[in-house]
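Take a look at the structure below.
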Amino acid sequence: MVIAIPMIWLLVFFLIPFAVVFKLSLSEAAIARPPYLPIMTWDEEGILSFILNIGNYFYLLEDDLYIYAYMQSMKIALVSTLICLLVAYPMALAIARAKAGSRNLLLMLVILPFWTSFLLRVYAWIGILKTNGLLNNALLWLGLIDQPLAIMQTDLAVYIGIVYTYLPFMILPLYTSLVKQDAALLEAAADLGARPATAFFSVTLPLSFPGIAAGSLLVFIPVVGEFVIPALLGGPDTLMIGKVLWSEFFSNRDWPVASAVATVMLVVLVVPIMLLRLAQQADEVQS
Amino acid sequence: MKSRLGFVPVMAALGFVFLYVPIISLIVYSFNESKLVTVWSRFSTKWYVELLNDEQILNAAWISFKIGAISATAALVFGTIAALVLQRFGRFRGKTLLTGMVSAPLVMPEVITGLSLLLLFVAMESVFGWPAGRGLTTIIIAHTTFCMAFVAVVVQARLADMDSDQEEAAMDLGATPARVFWDITLPTIAPALISGWLLAFTLSLDDLVIASFVSGPGATTLPMLIFSKVRLGVSPDVNALATLMILIVAVGVMLAAWIMHSSKSKTAGSNSGEI
Amino acid sequence: MTTDAISPFISEPWTDPSNKPFIRIRGISRHYGAVKAVDNVDLDIYKGELFCLLGGSGSGKTTLLRMLCGFENPTAGSIEIDGQDMAHVPPFKRPVNMMFQSYALFPHMSVAKNVGYGLARDGMPKAQIDNRVEELLAMVQMEGFGVRRPNQLSGGQRQRVALARALAKKPKLLLLDEPLGALDKKLREETQFELMKLQEDLGVTFVVVTHDQEEAMTLASRIAVMADGKLAQVSTPRDVYEYPNSRFVADFIGGVNLFEGRVTADEENHMKLQSSEAGLEIHVGHGVSCSPGQRMWYALRPEKIRIARDRPDQPFNVVEGMVEEVAYMGSLSVYRINLDSGKQIKVTQPNLERAQDNPIRWDQRVFVSWDSSAGVVLPS
């Protein structure tokens, strides 16, 4: 059956791999190809023996580095989601309230950067943020600072990069829920004596909660595991879990620990992913 | 809305500046003669010349293009089938599972997807002997998997907008299900198929993390090459490359938007009623 | 139930038991989980009828229609069209066409392509299709519109194209889902008569789904009133109005005053109903087979009631009340009257003359009366 192909494909290449990751997180690293010991072995007498090694998880608990990296990832994801929301909301609102003709153009302007290479857009910030980069040159020229600011290789640079990259993911769901709102609601609020600010906080904002929820989760979830942005813009102190996993895998070649890191990350993200489904369903019901 | 300069329009304008300043700076400095990317000396196209003579970059670009085209096409087929199954087949066993598997790759951190697929490929190789080693094939499989989720979402949105009355009407007038798909469904979702393919192609072309995990010797994609160059610092030929890619994408997106727009205005008059 | 006036000009095939029905629906049900959208329906529809399925939203009328054209599979029961069992016959092989509520015109095809779509599926040669499309467009007065796209048409024009498309294959049975629902009131009235004329000329059996009782009354040879997935009553428009078989139907079609009462006498030629709600013993001019003391309802249409300031000269069915409100509606006036029993009733009186010397006003006491044949006794 043709219609079963996507299902089977996703089972094999999306769902089963998680089981493989989990399995591997229970095995022991070794200098071998592939670099780990099998969980199940048949010994000489033909007896099947399992060696389950939960040591990898203890290792994550023992070494401060991992806990710190998880906390740091959550913090960065949370803060950048908030900043994204604050930057995106006025943009989404302006687009939703623009004339129908210019609305499509503005939307396209939001989506266009999303279509250009993510890697190159992050790269662009290096040129802007580095010590002798555009921003420092501009600020020095304006006389606002005497010394170049050290932004590159700090958390600030990572925040800028994340907000910049994930902004469209926040704007689009916000726009979708804002554009659905009936303009008559605001007129009714005004008619009943609400000032524009009051009307915004009592009508527009509550009605856009599904959009806020969807957008926030769409930003938060991938940012927790982000690798490229901390790798390019962050410094050695910027420990995010994606970066840790990457170096565990590529530099240390410790596949089991990398798998344990991934498993824990997945467990942490299961709740937000479920919430995202709920938010999207709520949005569908509303529309 | 009034045209006076309020808080919202000003903030929105600043937001757009924020979105475009990095891109514009990339383009501007790709024409800078100096090797120091951010110090302007004078206009030059020498980095473009250098880029076009860089065997390594051209090679990686060709590999990325091949991977993108094949994965996008496969993702288009599978994603469209998935969208049709989810949108048109009513309730069936495993629907929740399929829905979850279609939507989860959209937000799944790339490091997890990449690692898990690599481990799967390694396990498969040791059990079935396939895929032997890693390279183009494994990247294509990986990209097809996460791109089909995006295609499915785009196509599903279009199908949800579509009036299923039209399909029923065609069937009522004697069209077999295959015929209905060909005559009615396909023309209606065609714009979504085009943008779905383009999206999948772009995502594949853009992916660094997953490709790094599942790639092998001899399969260095363009993002992998750029990443290794960029890690060593800013280099103007990357700016030139970025400018070319932005140009291609901008033209492509405008073309797609134009196609979408013209087909939308054609269907704008269709009625949707209570079923 | 009897039809009180059988006109020689209108054939009424359902009255003759030897007639074979064109559509035979037996014990048909459609359940969605615990919801019974259609529940064990039996229905016969005869050739040449203009049959209306009338009901509110969720009554199951659309589901029944969709089972006729094959978009829904019955959970149980059978449908026979023209002697052929429709089970397992897919929509594209049924001798049935449908006009959709949304019209479902293909937006990417011209009007001519839309109308000719079904013919092309039958493999008709192109030249023949062109001729037939011309003919059909002429029939619905849309000559010259063939090259247009659906979105270049007005609502009324789209409705005509949808009708032409559905009739193109000369179906034995045409199903129409709220065919006039999207039109404005004036256009709807005009189109109603065109639809009836077309149906008469072509002799095609029409089954129309509608929620609009006026539309059903105007169009239909017979009406099936549906509620909660069941047929509440199947009769001619006149019978449904004058002889409703339940309080539900009486209330659903037109306005009605309902009085609860108990049977005090039941003879061959009359019966009596003691109603404290109405504040009198209602005299009914025919017998009903029932037991004494049984609870019954008396349904009385507002226009069958008379009101007067002086006590009318009749021995029964007279009560007093106070006018609460008068609404002048042009052709008639509507009175809300509070009976002394406390019950409020609705009475309509035609405005036969332009000027009335001393019209009945609100807060005046009046006598309310009706004939012994004015209302219907309902057991449920």
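Identifiers in the structure tokens: chain A, B, ... in order shown; residue index from 1 per chain; ligand index from 1 in order shown.
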
Could you tell me which residues of chain C sit within 8 Å of chain B when counting only C-alpha atoms, and give me the result as a short mmCIF file (atom, residue, chain, number, x, y, z; two decimals) with N, CA and C atoms, in the first residue's frame?
```
data_model
loop_
_atom_site.label_atom_id
_atom_site.label_comp_id
_atom_site.auth_asym_id
_atom_site.auth_seq_id
_atom_site.Cartn_x
_atom_site.Cartn_y
_atom_site.Cartn_z
N CYS C 69 -26.19 9.52 -2.24
CA CYS C 69 -25.22 9.65 -3.33
C CYS C 69 -23.95 8.88 -3.04
N PHE C 71 -21.64 9.11 -0.41
CA PHE C 71 -20.50 9.68 0.30
C PHE C 71 -20.41 9.19 1.73
N PRO C 91 -19.79 6.38 -5.35
CA PRO C 91 -20.52 7.56 -5.83
C PRO C 91 -20.40 7.75 -7.34
N PHE C 92 -19.21 7.43 -7.87
CA PHE C 92 -19.02 7.73 -9.29
C PHE C 92 -19.70 6.74 -10.21
N LYS C 93 -20.33 5.71 -9.64
CA LYS C 93 -21.07 4.77 -10.49
C LYS C 93 -22.57 4.82 -10.23
N ARG C 94 -23.02 5.77 -9.41
CA ARG C 94 -24.46 5.82 -9.12
C ARG C 94 -25.19 6.67 -10.15
N VAL C 96 -27.01 8.96 -9.99
CA VAL C 96 -27.50 10.02 -9.11
C VAL C 96 -26.54 11.17 -9.26
N ASN C 97 -27.04 12.38 -9.32
CA ASN C 97 -26.14 13.53 -9.24
C ASN C 97 -26.61 14.47 -8.17
N MET C 98 -25.67 15.29 -7.74
CA MET C 98 -25.95 16.12 -6.57
C MET C 98 -25.59 17.56 -6.86
N MET C 99 -26.42 18.47 -6.36
CA MET C 99 -26.07 19.87 -6.39
C MET C 99 -25.68 20.25 -4.97
N PHE C 100 -24.44 20.69 -4.80
CA PHE C 100 -23.92 20.92 -3.47
C PHE C 100 -24.37 22.27 -2.92
N GLN C 101 -24.46 22.31 -1.62
CA GLN C 101 -24.84 23.55 -0.96
C GLN C 101 -23.86 24.67 -1.30
N SER C 102 -22.56 24.30 -1.31
CA SER C 102 -21.54 25.30 -1.63
C SER C 102 -21.36 25.42 -3.13
N TYR C 103 -22.15 24.69 -3.90
CA TYR C 103 -22.07 24.55 -5.36
C TYR C 103 -20.86 23.73 -5.78
N ALA C 104 -19.75 23.82 -5.02
CA ALA C 104 -18.54 23.03 -5.31
C ALA C 104 -18.14 23.13 -6.78
N LEU C 105 -18.23 24.32 -7.35
CA LEU C 105 -17.74 24.49 -8.72
C LEU C 105 -16.22 24.42 -8.69
N PHE C 106 -15.64 23.82 -9.72
CA PHE C 106 -14.18 23.70 -9.75
C PHE C 106 -13.60 25.05 -10.14
N PRO C 107 -12.87 25.69 -9.22
CA PRO C 107 -12.45 27.07 -9.47
C PRO C 107 -11.42 27.19 -10.60
N HIS C 108 -10.72 26.08 -10.88
CA HIS C 108 -9.67 26.16 -11.89
C HIS C 108 -10.17 25.76 -13.28
N TYR C 117 -17.97 18.37 -17.24
CA TYR C 117 -17.05 17.46 -16.55
C TYR C 117 -17.58 16.02 -16.48
N GLY C 118 -18.84 15.91 -16.08
CA GLY C 118 -19.43 14.58 -15.94
C GLY C 118 -19.53 13.86 -17.27
N LEU C 119 -19.83 14.62 -18.32
CA LEU C 119 -19.96 14.02 -19.65
C LEU C 119 -18.60 13.50 -20.11
N ARG C 121 -16.28 12.43 -18.24
CA ARG C 121 -15.98 11.21 -17.49
C ARG C 121 -16.69 10.01 -18.10
N ASP C 122 -17.83 10.27 -18.78
CA ASP C 122 -18.55 9.18 -19.43
C ASP C 122 -17.95 8.85 -20.79
N PRO C 150 -15.68 30.36 -12.49
CA PRO C 150 -16.71 30.47 -11.45
C PRO C 150 -16.61 31.75 -10.62
N ASN C 151 -15.37 32.21 -10.35
CA ASN C 151 -15.27 33.38 -9.49
C ASN C 151 -15.64 34.67 -10.20
N GLN C 152 -15.94 34.56 -11.51
CA GLN C 152 -16.40 35.76 -12.21
C GLN C 152 -17.92 35.81 -12.29
N ALA C 166 -25.07 19.47 -12.57
CA ALA C 166 -25.66 18.29 -11.95
C ALA C 166 -26.66 17.60 -12.87
N LYS C 169 -25.67 14.93 -16.92
CA LYS C 169 -25.63 13.51 -17.24
C LYS C 169 -27.03 12.89 -17.27
#
```

For this session: Write out as a list in words which residues come within 7 Å of Thr80 in chain B when counting only C-alpha atoms, dropping same-chain ones fewer than 2 positions away.
Result: Leu76, Val77, Phe78, Ala82, Ala83, Leu84, Val151, Ala152 and Val155 of chain B

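Within 10 Å of range 182-184 of chain A, once only C-alpha atoms are used and residues closer than 6 positions along the same chain are dropped, the contacting residues are Arg97, Ala190 and Thr204 of chain A.
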
For this session: Please identify every residue of chain A that has at least one atom no more than 6 Å from any atom of chain B, counting only C-alpha atoms, and report them as a PyMOL selection string.
Result: chain A and resi 6+17-18+21+90-91+94+116-117+124+133+222+225+262
